[in-house]
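Heads up, upload-v4.txt below (compact mmCIF, C-alpha atoms):
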# COMPACT_ATOMS: atom_id res chain seq x y z
CA MET A 1 0.00 0.00 0.00
CA ALA A 2 1.76 3.11 -1.20
CA ILE A 3 0.96 6.41 0.49
CA ARG A 4 2.07 9.74 -0.87
CA TYR A 5 2.93 11.00 2.54
CA TRP A 6 4.54 14.39 2.08
CA PRO A 7 1.92 15.91 -0.26
CA MET A 8 -0.84 14.87 2.13
CA ALA A 9 1.06 16.13 5.18
CA ALA A 10 1.77 19.46 3.48
CA ALA A 11 -1.91 19.76 2.52
CA ALA A 12 -2.94 19.18 6.15
CA VAL A 13 -0.59 21.87 7.41
CA GLY A 14 -1.71 24.22 4.62
CA PHE A 15 -5.34 23.64 5.52
CA ARG A 16 -4.61 24.61 9.11
CA LEU A 17 -2.82 27.77 8.01
CA VAL A 18 -5.71 28.76 5.77
CA LEU A 19 -8.16 28.39 8.66
CA VAL A 20 -5.91 30.36 11.00
CA LEU A 21 -5.08 33.21 8.63
CA PHE A 22 -8.20 33.53 6.50
CA GLY A 23 -10.91 31.65 8.37
CA GLY A 24 -12.06 34.64 10.37
CA ASP A 25 -13.52 34.14 13.82
CA LEU A 26 -14.92 30.59 13.79
CA HIS A 27 -15.92 30.85 17.48
CA LEU A 28 -14.18 27.55 18.17
CA ALA A 29 -12.61 28.90 21.36
CA SER A 30 -16.04 29.03 23.00
CA ARG A 31 -16.99 25.47 22.03
CA PRO A 32 -17.12 23.13 25.06
CA GLU A 33 -15.94 20.25 22.84
CA VAL A 34 -12.74 22.11 22.00
CA SER A 35 -11.84 24.28 24.98
CA THR A 36 -11.93 23.32 28.66
CA PRO A 37 -11.19 25.29 31.85
CA LEU A 38 -7.70 23.77 31.78
CA THR A 39 -6.83 24.41 28.13
CA SER A 40 -8.67 27.62 27.26
CA LEU A 41 -6.41 30.30 25.79
CA ARG A 42 -8.87 32.97 26.89
CA ARG A 43 -8.42 31.89 30.49
CA LEU A 44 -4.65 31.90 29.96
CA ALA A 45 -4.87 35.49 28.70
CA GLU A 46 -6.84 36.42 31.81
CA GLY A 47 -4.25 34.76 34.04
CA TYR A 48 -1.44 36.58 32.26
CA TRP A 49 -3.25 39.91 32.70
CA LEU A 50 -3.60 39.23 36.44
CA LYS A 51 0.08 38.35 36.69
CA GLN A 52 1.05 41.56 34.88
CA ALA A 53 -1.07 43.45 37.42
CA SER A 54 0.98 41.85 40.25
CA VAL A 55 -1.94 39.65 41.24
CA SER A 56 -1.82 35.86 41.50
CA PRO A 57 -2.92 34.35 38.17
CA TYR A 58 -4.84 31.75 40.18
CA SER A 59 -6.95 34.27 42.07
CA GLY A 60 -10.62 33.81 41.34
CA SER A 61 -11.61 30.82 39.22
CA MET A 62 -10.34 31.70 35.75
CA TYR A 63 -6.89 30.19 35.19
CA HIS A 64 -5.94 26.63 36.18
CA GLY A 65 -3.01 25.89 33.91
CA SER A 66 0.75 25.84 34.13
CA PRO A 67 2.73 28.96 35.07
CA LEU A 68 5.23 28.01 32.36
CA LEU A 69 2.54 28.48 29.72
CA LEU A 70 1.85 31.92 31.16
CA SER A 71 5.43 32.96 30.44
CA VAL A 72 5.59 31.33 26.98
CA LEU A 73 2.15 32.04 25.52
CA GLY A 74 1.00 34.90 27.75
CA PRO A 75 2.85 37.69 25.88
CA LEU A 76 1.35 36.48 22.60
CA THR A 77 -2.19 37.00 23.88
CA ASN A 78 -1.82 40.77 24.22
CA SER A 79 -3.68 42.93 21.69
CA ARG A 80 -1.58 43.83 18.65
CA PRO A 81 -1.42 47.19 16.87
CA ASP A 82 -1.14 45.53 13.42
CA GLY A 83 -4.82 44.62 13.37
CA HIS A 84 -4.35 40.87 13.74
CA HIS A 85 -6.34 38.96 16.30
CA ALA A 86 -4.26 38.54 19.45
CA HIS A 87 -4.59 34.75 19.48
CA ILE A 88 -3.54 34.22 15.87
CA TYR A 89 0.11 34.01 16.86
CA CYS A 90 -0.65 31.26 19.37
CA SER A 91 -2.59 29.41 16.69
CA LEU A 92 0.43 29.56 14.37
CA ILE A 93 2.54 28.06 17.14
CA PHE A 94 -0.05 25.31 17.58
CA VAL A 95 0.17 24.52 13.85
CA ALA A 96 3.93 24.01 14.21
CA VAL A 97 3.39 21.97 17.38
CA ASP A 98 0.87 19.73 15.62
CA PHE A 99 3.27 19.15 12.72
CA LEU A 100 6.11 18.28 15.10
CA ALA A 101 3.86 15.85 16.98
CA ALA A 102 2.88 14.20 13.68
CA MET A 103 6.54 13.81 12.70
CA LEU A 104 7.36 12.19 16.04
CA ILE A 105 4.37 9.85 15.69
CA ARG A 106 5.70 8.90 12.25
CA ALA A 107 9.19 8.27 13.62
CA THR A 108 7.72 6.17 16.44
CA GLY A 109 5.77 4.16 13.89
CA HIS A 110 8.91 3.46 11.88
CA LYS A 111 10.70 2.19 14.98
CA LEU A 112 7.76 -0.04 15.85
CA GLN A 113 7.68 -1.32 12.26
CA MET A 114 11.37 -2.21 12.38
CA ALA A 115 10.93 -3.99 15.71
CA ARG A 116 7.89 -5.85 14.34
CA ASN A 117 9.71 -7.02 11.22
CA ARG A 118 12.70 -8.09 13.29
CA SER A 119 10.50 -10.10 15.66
CA LEU A 120 8.57 -11.77 12.84
CA LYS A 121 11.81 -12.66 11.09
CA SER A 122 13.16 -14.30 14.21
CA ILE A 123 10.15 -16.65 14.36
CA ASP A 124 9.96 -17.19 10.58
CA LEU A 125 6.55 -15.55 10.18
CA THR A 126 7.46 -12.57 8.02
CA LYS A 127 5.86 -13.94 4.86
CA ALA A 128 2.81 -15.45 6.58
CA VAL A 129 1.88 -12.22 8.39
CA ASN A 130 2.96 -9.61 5.84
CA ASP A 131 1.03 -11.33 3.07
CA THR A 132 -2.15 -10.39 4.95
CA VAL A 133 -1.48 -6.70 5.50
CA ASN A 134 1.68 -4.64 5.66
CA VAL A 135 1.41 -0.87 5.50
CA SER A 136 3.64 1.86 6.84
CA ALA A 137 2.15 2.29 10.29
CA GLY A 138 4.10 5.49 10.96
CA ASP A 139 2.80 7.22 7.84
CA VAL A 140 -0.79 6.11 8.50
CA ALA A 141 -0.71 7.23 12.14
CA SER A 142 0.85 10.58 11.28
CA LEU A 143 -1.73 11.29 8.58
CA ILE A 144 -4.57 10.24 10.86
CA TYR A 145 -3.37 12.77 13.39
CA LEU A 146 -2.84 15.54 10.85
CA TRP A 147 -6.19 15.07 9.09
CA ASN A 148 -8.26 14.30 12.16
CA PRO A 149 -10.99 16.98 12.28
CA TRP A 150 -10.72 17.10 16.07
CA ALA A 151 -6.99 17.78 15.85
CA ILE A 152 -7.66 20.54 13.32
CA VAL A 153 -10.35 22.32 15.37
CA THR A 154 -8.20 21.97 18.49
CA CYS A 155 -5.26 23.54 16.68
CA VAL A 156 -7.35 26.41 15.29
CA GLY A 157 -9.63 26.77 18.32
CA SER A 158 -7.27 28.64 20.65
CA CYS A 159 -6.56 25.99 23.29
CA THR A 160 -3.37 24.49 24.64
CA SER A 161 -4.25 20.83 23.98
CA PRO A 162 -1.72 20.54 21.08
CA ILE A 163 1.11 21.30 23.51
CA GLU A 164 -0.09 18.64 25.94
CA ASN A 165 -0.37 16.13 23.10
CA LEU A 166 3.14 16.98 21.90
CA MET A 167 4.63 16.27 25.33
CA VAL A 168 2.95 12.86 25.47
CA VAL A 169 4.24 12.03 21.98
CA ILE A 170 7.76 13.18 22.91
CA MET A 171 7.64 10.89 25.93
CA ILE A 172 6.53 7.87 23.88
CA TYR A 173 9.07 8.55 21.12
CA GLY A 174 11.88 8.99 23.64
CA ALA A 175 10.95 5.75 25.37
CA CYS A 176 10.71 3.82 22.06
CA SER A 177 14.13 5.17 21.09
CA ARG A 178 15.46 4.44 24.59
CA LEU A 179 16.47 8.08 24.97
CA ALA A 180 16.02 8.46 28.71
CA PRO A 181 16.50 12.29 28.88
CA LEU A 182 13.94 12.89 26.11
CA ALA A 183 11.44 10.48 27.65
CA ALA A 184 11.90 12.10 31.06
CA PHE A 185 11.42 15.58 29.58
CA GLY A 186 8.18 14.58 27.89
CA TYR A 187 6.92 12.82 31.01
CA VAL A 188 7.70 15.71 33.34
CA MET A 189 6.12 18.30 31.07
CA ALA A 190 3.06 16.14 30.31
CA THR A 191 2.36 15.53 34.00
CA HIS A 192 3.04 19.19 34.77
CA LEU A 193 0.51 20.40 32.19
CA SER A 194 -2.07 17.73 33.04
CA LEU A 195 -2.09 15.33 35.96
CA TYR A 196 -3.38 12.24 34.17
CA PRO A 197 -0.26 11.30 32.12
CA VAL A 198 1.34 10.24 35.42
CA ILE A 199 0.03 6.69 34.79
CA LEU A 200 2.08 6.53 31.58
CA ILE A 201 5.19 5.87 33.65
CA VAL A 202 4.34 2.14 33.44
CA PRO A 203 4.60 1.83 29.62
CA VAL A 204 7.57 4.20 29.60
CA ILE A 205 9.52 1.97 31.99
CA LEU A 206 8.52 -1.12 29.99
CA LEU A 207 9.64 0.54 26.75
CA LEU A 208 12.95 1.56 28.24
CA GLY A 209 13.51 -1.83 29.84
CA TYR A 210 12.27 -4.21 27.14
CA GLY A 211 12.28 -2.09 23.99
CA PRO A 212 9.42 -1.64 21.48
CA ASP A 213 6.45 -3.95 21.08
CA ALA A 214 7.05 -7.62 20.28
CA PRO A 215 5.02 -10.85 20.16
CA PRO A 216 4.39 -12.58 23.50
CA PRO A 217 7.46 -14.33 24.99
CA LYS A 218 5.55 -17.62 24.79
CA VAL A 219 5.75 -17.43 20.99
CA PHE A 220 9.54 -17.36 21.10
CA LEU A 221 9.61 -20.20 23.63
CA ILE A 222 7.43 -22.35 21.37
CA LYS A 223 9.60 -21.55 18.39
CA GLY A 224 12.75 -22.23 20.38
CA SER A 225 11.51 -25.60 21.59
CA SER A 226 10.50 -26.65 18.07
CA ALA A 227 13.81 -25.41 16.70
CA SER A 228 15.79 -27.43 19.24
CA LYS A 229 14.11 -30.60 17.97
CA SER A 230 14.92 -29.82 14.35
CA ASP A 231 18.14 -29.14 12.53
CA VAL A 232 18.59 -25.38 12.89
CA SER A 233 21.83 -23.45 12.50
CA ASP A 234 23.44 -21.77 15.48
CA ASN A 235 23.01 -18.33 13.86
CA ASP A 236 19.21 -18.76 13.72
CA LYS A 237 19.13 -19.87 17.34
CA THR A 238 21.19 -16.84 18.36
CA THR A 239 18.86 -14.51 16.43
CA ARG A 240 15.80 -15.93 18.21
CA GLN A 241 17.44 -15.62 21.60
CA ARG A 242 18.19 -11.96 20.94
CA ALA A 243 14.59 -11.37 19.87
CA VAL A 244 13.44 -12.30 23.39
CA GLN A 245 14.58 -9.12 25.09
CA GLN A 246 15.65 -9.18 28.70
CA PHE A 247 14.75 -6.28 30.95
CA SER A 248 17.53 -3.68 31.04
CA TRP A 249 17.77 -1.55 34.15
CA LYS A 250 20.34 0.90 32.83
CA PRO A 251 18.01 3.09 30.71
CA VAL A 252 15.37 2.91 33.46
CA LEU A 253 17.81 4.22 36.05
CA HIS A 254 18.87 6.97 33.63
CA PHE A 255 15.20 7.86 33.19
CA ILE A 256 14.66 8.09 36.96
CA PHE A 257 17.75 10.29 37.31
CA TRP A 258 16.61 12.69 34.59
CA LEU A 259 13.08 12.57 35.95
CA PHE A 260 14.30 13.88 39.29
CA ILE A 261 16.52 16.55 37.72
CA LEU A 262 13.86 17.86 35.32
CA SER A 263 11.14 17.81 37.98
CA CYS A 264 13.30 19.99 40.21
CA HIS A 265 13.91 22.37 37.30
CA VAL A 266 10.20 22.66 36.50
CA LEU A 267 9.30 23.32 40.13
CA LEU A 268 12.10 25.87 40.41
CA LEU A 269 10.97 27.70 37.26
CA SER A 270 7.37 27.68 38.46
CA SER A 271 8.44 29.06 41.82
CA VAL A 272 10.40 31.87 40.15
CA ILE A 273 7.48 32.77 37.85
CA LEU A 274 5.01 32.82 40.74
CA LYS A 275 7.30 34.74 43.08
CA LYS A 276 5.35 37.59 44.76
CA VAL A 277 2.14 36.54 42.98
CA GLY A 278 1.39 33.26 44.70
CA GLY A 279 3.42 30.14 45.25
CA LEU A 280 3.74 26.44 44.55
CA HIS A 281 1.11 25.54 47.13
CA GLU A 282 -1.50 27.67 45.39
CA MET A 283 -0.40 26.32 42.01
CA PHE A 284 -0.93 22.70 43.10
CA GLU A 285 -4.28 23.57 44.66
CA LYS A 286 -5.54 25.42 41.57
CA THR A 287 -4.23 22.94 39.02
CA TYR A 288 -4.07 19.37 40.34
CA GLY A 289 -6.64 20.07 43.04
CA PHE A 290 -8.97 21.61 40.46
CA ILE A 291 -8.64 18.50 38.29
CA LEU A 292 -9.31 16.02 41.09
CA THR A 293 -12.21 17.85 42.76
CA VAL A 294 -14.14 18.73 39.54
CA LYS A 295 -15.17 22.14 40.83
CA ASP A 296 -16.09 23.56 37.42
CA LEU A 297 -19.31 21.97 36.21
CA SER A 298 -19.55 23.79 32.90
CA PRO A 299 -20.64 21.40 30.10
CA ASN A 300 -18.07 19.37 28.15
CA ILE A 301 -18.06 16.22 26.04
CA GLY A 302 -17.58 14.03 29.10
CA VAL A 303 -20.14 12.83 31.61
CA LEU A 304 -18.72 13.88 34.98
CA TRP A 305 -20.03 17.46 34.79
CA TYR A 306 -23.62 16.22 34.58
CA PHE A 307 -23.16 13.55 37.24
CA PHE A 308 -21.68 15.91 39.82
CA ALA A 309 -24.29 18.55 39.01
CA GLU A 310 -26.99 16.04 39.97
CA VAL A 311 -25.37 14.16 42.86
CA PHE A 312 -26.09 15.20 46.44
CA ASP A 313 -23.24 17.07 48.15
CA PHE A 314 -23.21 14.47 50.91
CA PHE A 315 -22.04 11.81 48.40
CA ARG A 316 -19.76 14.07 46.35
CA ASN A 317 -16.47 13.13 48.05
CA PHE A 318 -17.28 9.43 47.80
CA PHE A 319 -17.90 9.57 44.06
CA LEU A 320 -14.83 11.75 43.55
CA ILE A 321 -12.75 8.96 45.06
CA VAL A 322 -14.56 6.33 42.98
CA PHE A 323 -14.08 8.09 39.64
CA ASN A 324 -10.46 9.06 40.29
CA MET A 325 -9.51 5.60 41.54
CA ASN A 326 -11.25 3.99 38.57
CA ILE A 327 -8.37 5.02 36.35
CA ILE A 328 -5.76 3.68 38.77
CA PHE A 329 -7.51 0.32 39.15
CA MET A 330 -7.05 -0.38 35.43
CA VAL A 331 -3.31 0.28 35.36
CA LEU A 332 -1.94 -2.94 36.88
CA PRO A 333 -4.15 -5.57 35.15
CA LEU A 334 -3.55 -4.05 31.72
CA ALA A 335 0.19 -3.76 32.39
CA ILE A 336 0.36 -7.47 33.30
CA ARG A 337 -1.57 -8.55 30.22
CA LEU A 338 0.12 -6.23 27.71
CA LYS A 339 3.63 -5.92 29.14
CA HIS A 340 5.12 -7.28 25.89
CA ARG A 341 3.45 -4.40 23.96
CA PRO A 342 4.28 -1.30 26.01
CA CYS A 343 3.60 1.18 23.19
CA PHE A 344 0.13 -0.26 22.68
CA LEU A 345 -0.28 -0.10 26.44
CA ALA A 346 0.50 3.63 26.27
CA PHE A 347 -2.29 4.02 23.70
CA VAL A 348 -4.70 2.13 25.98
CA TYR A 349 -3.84 4.32 28.97
CA THR A 350 -4.22 7.47 26.86
CA ALA A 351 -7.65 6.34 25.70
CA ILE A 352 -8.73 5.51 29.26
CA VAL A 353 -7.68 8.97 30.39
CA ALA A 354 -9.60 10.59 27.53
CA ILE A 355 -12.73 8.70 28.60
CA LEU A 356 -12.54 9.19 32.36
CA LYS A 357 -10.77 12.52 32.89
CA SER A 358 -12.72 15.31 34.53
CA TYR A 359 -12.37 17.86 31.72
CA PRO A 360 -12.09 15.99 28.40
CA SER A 361 -11.81 17.69 25.02
CA ALA A 362 -11.57 16.82 21.35
CA GLY A 363 -7.78 17.11 21.57
CA ASP A 364 -7.62 14.06 23.85
CA SER A 365 -9.44 11.95 21.27
CA ALA A 366 -7.23 13.28 18.48
CA LEU A 367 -4.17 12.04 20.38
CA TYR A 368 -5.27 8.48 21.05
CA LEU A 369 -6.75 8.06 17.56
CA GLY A 370 -3.37 9.09 16.13
CA LEU A 371 -1.61 6.56 18.37
CA LEU A 372 -4.13 3.92 17.32
CA GLY A 373 -2.84 4.23 13.75
CA LEU A 374 0.54 2.91 14.91
CA PHE A 375 -1.03 -0.56 15.15
CA VAL A 376 -2.87 -0.60 11.84
CA ASN A 377 -1.19 -3.90 10.89
CA GLU A 378 -1.96 -5.70 14.13
CA LEU A 379 -5.56 -4.41 14.31
CA ALA A 380 -6.44 -5.07 10.67
CA GLU A 381 -9.14 -7.56 11.71
CA MET A 382 -10.75 -5.30 14.30
CA GLN A 383 -14.55 -5.51 14.38
CA PHE A 384 -17.25 -2.78 14.42
CA THR A 385 -15.03 -0.32 12.52
CA PHE A 386 -17.93 0.80 10.31
CA PHE A 387 -20.15 1.38 13.34
CA LEU A 388 -17.40 3.23 15.21
CA PHE A 389 -16.43 5.43 12.27
CA PHE A 390 -19.92 6.68 11.59
CA GLY A 391 -20.70 6.81 15.30
CA TYR A 392 -17.84 9.27 15.83
CA ILE A 393 -19.07 11.33 12.88
CA GLY A 394 -22.63 11.34 14.21
CA VAL A 395 -21.59 12.43 17.69
CA SER A 396 -19.35 15.16 16.24
CA LEU A 397 -22.28 16.55 14.27
CA LEU A 398 -24.94 16.16 16.96
CA SER A 399 -22.93 17.62 19.84
CA PRO A 400 -22.91 21.26 18.63
CA VAL A 401 -26.56 20.94 17.53
CA MET A 402 -27.71 19.76 20.96
CA HIS A 403 -25.63 22.41 22.68
CA ASN A 404 -27.24 25.09 20.49
CA LEU A 405 -30.74 23.80 21.23
CA TRP A 406 -30.03 23.85 24.95
CA ILE A 407 -28.01 27.05 25.49
CA TRP A 408 -29.02 29.41 22.70
CA ARG A 409 -32.44 28.45 21.39
CA GLY A 410 -33.87 27.24 24.68
CA THR A 411 -35.86 24.47 23.01
CA GLY A 412 -33.88 21.70 24.71
CA ASN A 413 -32.35 20.98 28.09
CA ALA A 414 -29.14 19.58 29.59
CA ASN A 415 -30.25 16.02 28.86
CA PHE A 416 -29.98 16.72 25.13
CA TYR A 417 -26.29 17.58 25.35
CA PHE A 418 -25.57 14.95 28.00
CA ALA A 419 -27.01 12.27 25.70
CA THR A 420 -24.39 13.04 23.05
CA GLY A 421 -21.66 12.95 25.70
CA LEU A 422 -22.93 9.61 26.96
CA ALA A 423 -23.02 8.20 23.41
CA TYR A 424 -19.51 9.53 22.83
CA THR A 425 -18.24 7.83 26.00
CA CYS A 426 -19.86 4.54 24.93
CA LEU A 427 -18.25 4.76 21.48
CA GLN A 428 -14.82 5.33 23.03
CA THR A 429 -15.35 2.39 25.36
CA VAL A 430 -16.30 0.09 22.47
CA LEU A 431 -13.26 1.27 20.50
CA LEU A 432 -10.95 0.62 23.44
CA VAL A 433 -12.38 -2.83 24.21
CA GLU A 434 -12.29 -3.90 20.55
CA SER A 435 -8.73 -2.69 20.03
CA VAL A 436 -7.46 -4.58 23.09
CA SER A 437 -9.42 -7.67 22.06
CA SER A 438 -8.04 -7.49 18.51
CA MET A 439 -4.48 -7.17 19.77
CA ILE A 440 -4.92 -10.22 21.99
CA LYS A 441 -6.40 -12.15 19.06
CA HIS A 442 -3.42 -11.10 16.92
CA ASP A 443 -0.99 -12.45 19.52
CA ARG A 444 -3.01 -15.67 19.73
CA LYS A 445 -2.85 -15.96 15.93
CA LEU A 446 0.95 -15.66 16.04
CA ARG A 447 1.09 -18.38 18.66
CA LEU A 448 -1.04 -20.69 16.50
CA LEU A 449 1.09 -19.99 13.42
CA VAL A 450 4.26 -20.83 15.31
CA SER A 451 2.75 -24.02 16.75
CA SER A 452 1.53 -25.27 13.37
Would you encode the structure as structure tokens?
Amino acid sequence: MAIRYWPMAAAAVGFRLVLVLFGGDLHLASRPEVSTPLTSLRRLAEGYWLKQASVSPYSGSMYHGSPLLLSVLGPLTNSRPDGHHAHIYCSLIFVAVDFLAAMLIRATGHKLQMARNRSLKSIDLTKAVNDTVNVSAGDVASLIYLWNPWAIVTCVGSCTSPIENLMVVIMIYGACSRLAPLAAFGYVMATHLSLYPVILIVPVILLLGYGPDAPPPKVFLIKGSSASKSDVSDNDKTTRQRAVQQFSWKPVLHFIFWLFILSCHVLLLSSVILKKVGGLHEMFEKTYGFILTVKDLSPNIGVLWYFFAEVFDFFRNFFLIVFNMNIIFMVLPLAIRLKHRPCFLAFVYTAIVAILKSYPSAGDSALYLGLLGLFVNELAEMQFTFFLFFGYIGVSLLSPVMHNLWIWRGTGNANFYFATGLAYTCLQTVLLVESVSSMIKHDRKLRLLVSS
């Protein structure tokens, strides 16, 4: 399957630039599907104005983001004398950030493809598997991310989600490449901008220790036992033994070292930025605390805003613990089952976060759908793809309609918009379950091919 990658990538970037420069005011920044209290550029501009007035940017209930973003993007939100919209410069930066993220996704895909081909060669299944489907996973994933409508509206819609997505991609690429400093940088920045990527430390450590995704170790053991009974050269046996990677502690220890160093640097920079206008304690309370306590119940494409708007205050703390711990409970079982595919595990964790986080946005879905493209070969036999594809399109079209009927026309109510959010959550759950099931079936297929 040949893909003309660079013309399509250039067209995606050009389309973004056209929307930014000549699209006028599309009012995407006010859409609850695009912008959240954590990623809104308007809130960032308000926080920067407060900081310039020698007031804590976290005073009130407007800004809940990183102080580092205030220093980087804050000056670009000021009004300009040249007649351009103040946020257009941030949007241009987001276009470049999206392109860089797509390039890193492509590079990650190429590394996974090389590791996949090497593993299949070691168990003599290259021809049997590649005859079924063999496309460039990196190119497909990169183009999915670039042409995803949610990634485009997030990039153009004046929110900081592209930066958060870039940090997650940097972390995954650094871990796949076994570049401990780069993986630590991406991890520290991703967890600093948003709390939820903290669970990605599990696939990062597995990637650094074992390397990129490979078939289950049982496949190599079956192949090795069958090879020992037959007449196989010593070179082939050595190749198969190398394919079964042993856990390496050296890159993991390097990652922990750089993790500590970079975390101290980020906290130090945040402390310097917030000097005389707050402090680290207020930053943690207004960022991480705001995420965990779900204090802002403005509508979004998730379901928690509606639930906590309806639940009695007496039970609020209980359900906060339940929903926050729900993410943590899934970490260990999935890590045990998918430890031989750490990059796929990172995709699964990213999708779980997008489903269960307190303030989800379209940018979260754009990220995990881009990562899903990295496994286009393994998930070629995935079921319900037609239903999922048109389900995502239907929810994307119905969500703004229901929001308009509820907020602006007054002919609907909150249940209209909540219904689209509930359908969206169900679609994401089906996609996640089917992708994990298809990957397990793919590994089982490899085991049967080796045994036959």
Next on the checklist: Just checking: using all atoms listed in the file, which residue out of A:Leu200, A:Val294, A:Val436, A:Leu28 ends up closest to Ile321 (chain A)?
Outcome noted: A:Val294
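Each of A:Asn148, A:Ser358, A:Asn300, A:Ser270 was compared to Gly373 (chain A) using all atoms listed in the file, and A:Asn148 turns out to be the nearest.
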Near-Arg341 (chain A) list (10 Å; only C-alpha atoms; drop same-chain fewer than 6 positions) as an mmCIF file with C-alpha atoms, in the frame of the given file:
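The result, written out as around_31.cif:
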data_model
loop_
_atom_site.group_PDB
_atom_site.id
_atom_site.type_symbol
_atom_site.label_atom_id
_atom_site.label_comp_id
_atom_site.auth_asym_id
_atom_site.auth_seq_id
_atom_site.Cartn_x
_atom_site.Cartn_y
_atom_site.Cartn_z
ATOM 1 C CA PRO A 203 4.600 1.830 29.620
ATOM 2 C CA LEU A 206 8.520 -1.120 29.990
ATOM 3 C CA LEU A 207 9.640 0.540 26.750
ATOM 4 C CA TYR A 210 12.270 -4.210 27.140
ATOM 5 C CA GLY A 211 12.280 -2.090 23.990
ATOM 6 C CA PRO A 212 9.420 -1.640 21.480
ATOM 7 C CA ASP A 213 6.450 -3.950 21.080
ATOM 8 C CA ALA A 214 7.050 -7.620 20.280
ATOM 9 C CA PRO A 215 5.020 -10.850 20.160
ATOM 10 C CA PRO A 216 4.390 -12.580 23.500
ATOM 11 C CA ALA A 335 0.190 -3.760 32.390
ATOM 12 C CA MET A 439 -4.480 -7.170 19.770
#
Which polymer residues have any atom within 7 Å of an atom of region 53-64 of chain A, counting all atoms listed in the file, with same-chain residues fewer than 3 positions away left out, as a compact mmCIF listing (two decimals) with C-alpha atoms, in the coordinates of the input?
# COMPACT_ATOMS: atom_id res chain seq x y z
CA PRO A 37 -11.19 25.29 31.85
CA LEU A 38 -7.70 23.77 31.78
CA ARG A 43 -8.42 31.89 30.49
CA LEU A 44 -4.65 31.90 29.96
CA GLY A 47 -4.25 34.76 34.04
CA TYR A 48 -1.44 36.58 32.26
CA TRP A 49 -3.25 39.91 32.70
CA LEU A 50 -3.60 39.23 36.44
CA VAL A 277 2.14 36.54 42.98
CA GLY A 278 1.39 33.26 44.70
CA LYS A 286 -5.54 25.42 41.57
CA THR A 287 -4.23 22.94 39.02
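Distance annotation: of A:Gly289, A:Phe220, A:Phe257, A:Ile163, the residue with the minimal separation from Ala180 (chain A) is A:Phe257; atom set is all atoms listed in the file.
Nearest-residue note for Ser438 (chain A): choosing from A:Val376, A:Leu280, A:Leu398, A:Leu179, the minimum distance belongs to A:Val376, counting all atoms listed in the file.
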Item to check | 10 Å contact set for His442 (chain A), all atoms listed in the file, chain neighbours under 5 positions out, as a PyMOL selection string | outcome: chain A and resi 215+377-382+436-437+447-448
Residues within 8 Å of region 414-418 of chain A, only C-alpha atoms, excluding chain neighbours under 5 positions, as a compact mmCIF listing (two decimals) with C-alpha atoms, in the coordinates of the input:
# COMPACT_ATOMS: atom_id res chain seq x y z
CA ILE A 301 -18.06 16.22 26.04
CA VAL A 303 -20.14 12.83 31.61
CA TYR A 306 -23.62 16.22 34.58
CA SER A 399 -22.93 17.62 19.84
CA MET A 402 -27.71 19.76 20.96
CA HIS A 403 -25.63 22.41 22.68
CA TRP A 406 -30.03 23.85 24.95
Item to check | Who sits within 8 Å of region 348-354 of chain A, only C-alpha atoms, same chain under 5 positions skipped, as a count of residues only | outcome: 15
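Between Lys339 (chain A) and the residues A:Gly209, A:Gly65, A:Gly370, A:Gly23, the shortest atom-to-atom distance, using all atoms listed in the file, involves A:Gly209.
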Specify the axis-aligned box that encloses all atoms of region 389-404 of chain A listed in the file after padding of 6 Å on each side, stating its centre and edge lengths in Å to one decimal as lines of an AutoDock Vina configuration file.
center_x = -22.1
center_y = 15.3
center_z = 17.1
size_x = 23.3
size_y = 31.7
size_z = 23.1
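CA of Lys51 (chain A) is found 18.0 Å from CA of Leu267 (chain A).
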Counting only C-alpha atoms, which residues of region 139-172 of chain A sit at most 12 Å from some atom of region 8-11 of chain A, and what is each one's closest atom pair with its distance in Å to one decimal, listed by chain and rising residue number, as CSV?
residue,atom,partner,partner_atom,distance
A:Asp139,CA,A:Ala9,CA,9.5
A:Val140,CA,A:Ala9,CA,10.7
A:Ala141,CA,A:Ala9,CA,11.4
A:Ser142,CA,A:Ala9,CA,8.2
A:Leu143,CA,A:Ala9,CA,6.5
A:Ile144,CA,A:Ala9,CA,9.9
A:Tyr145,CA,A:Ala9,CA,9.9
A:Leu146,CA,A:Ala9,CA,6.9
A:Trp147,CA,A:Ala9,CA,8.3
A:Asn148,CA,A:Ala9,CA,11.8
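The gap separating CA of Ile328 (chain A) from CA of Phe314 (chain A) is 23.8 Å, in Å to one decimal.
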Some atoms are absent from region 346-351 of chain A, so rebuild N, CA and C atoms and return them as a PDB file, in the coordinates of the input.
ATOM      1  N   ALA A 346       0.571   2.167  26.150  1.00  0.00           N
ATOM      2  CA  ALA A 346       0.500   3.630  26.270  1.00  0.00           C
ATOM      3  C   ALA A 346      -0.736   4.173  25.567  1.00  0.00           C
ATOM      4  N   PHE A 347      -1.060   3.623  24.389  1.00  0.00           N
ATOM      5  CA  PHE A 347      -2.290   4.020  23.700  1.00  0.00           C
ATOM      6  C   PHE A 347      -3.514   3.712  24.551  1.00  0.00           C
ATOM      7  N   VAL A 348      -3.550   2.534  25.166  1.00  0.00           N
ATOM      8  CA  VAL A 348      -4.700   2.130  25.980  1.00  0.00           C
ATOM      9  C   VAL A 348      -4.865   3.080  27.166  1.00  0.00           C
ATOM     10  N   TYR A 349      -3.762   3.393  27.843  1.00  0.00           N
ATOM     11  CA  TYR A 349      -3.840   4.320  28.970  1.00  0.00           C
ATOM     12  C   TYR A 349      -4.306   5.704  28.526  1.00  0.00           C
ATOM     13  N   THR A 350      -3.813   6.158  27.378  1.00  0.00           N
ATOM     14  CA  THR A 350      -4.220   7.470  26.860  1.00  0.00           C
ATOM     15  C   THR A 350      -5.712   7.500  26.555  1.00  0.00           C
ATOM     16  N   ALA A 351      -6.220   6.412  25.988  1.00  0.00           N
ATOM     17  CA  ALA A 351      -7.650   6.340  25.700  1.00  0.00           C
ATOM     18  C   ALA A 351      -8.477   6.299  26.977  1.00  0.00           C
TER      19      ALA A 351
END
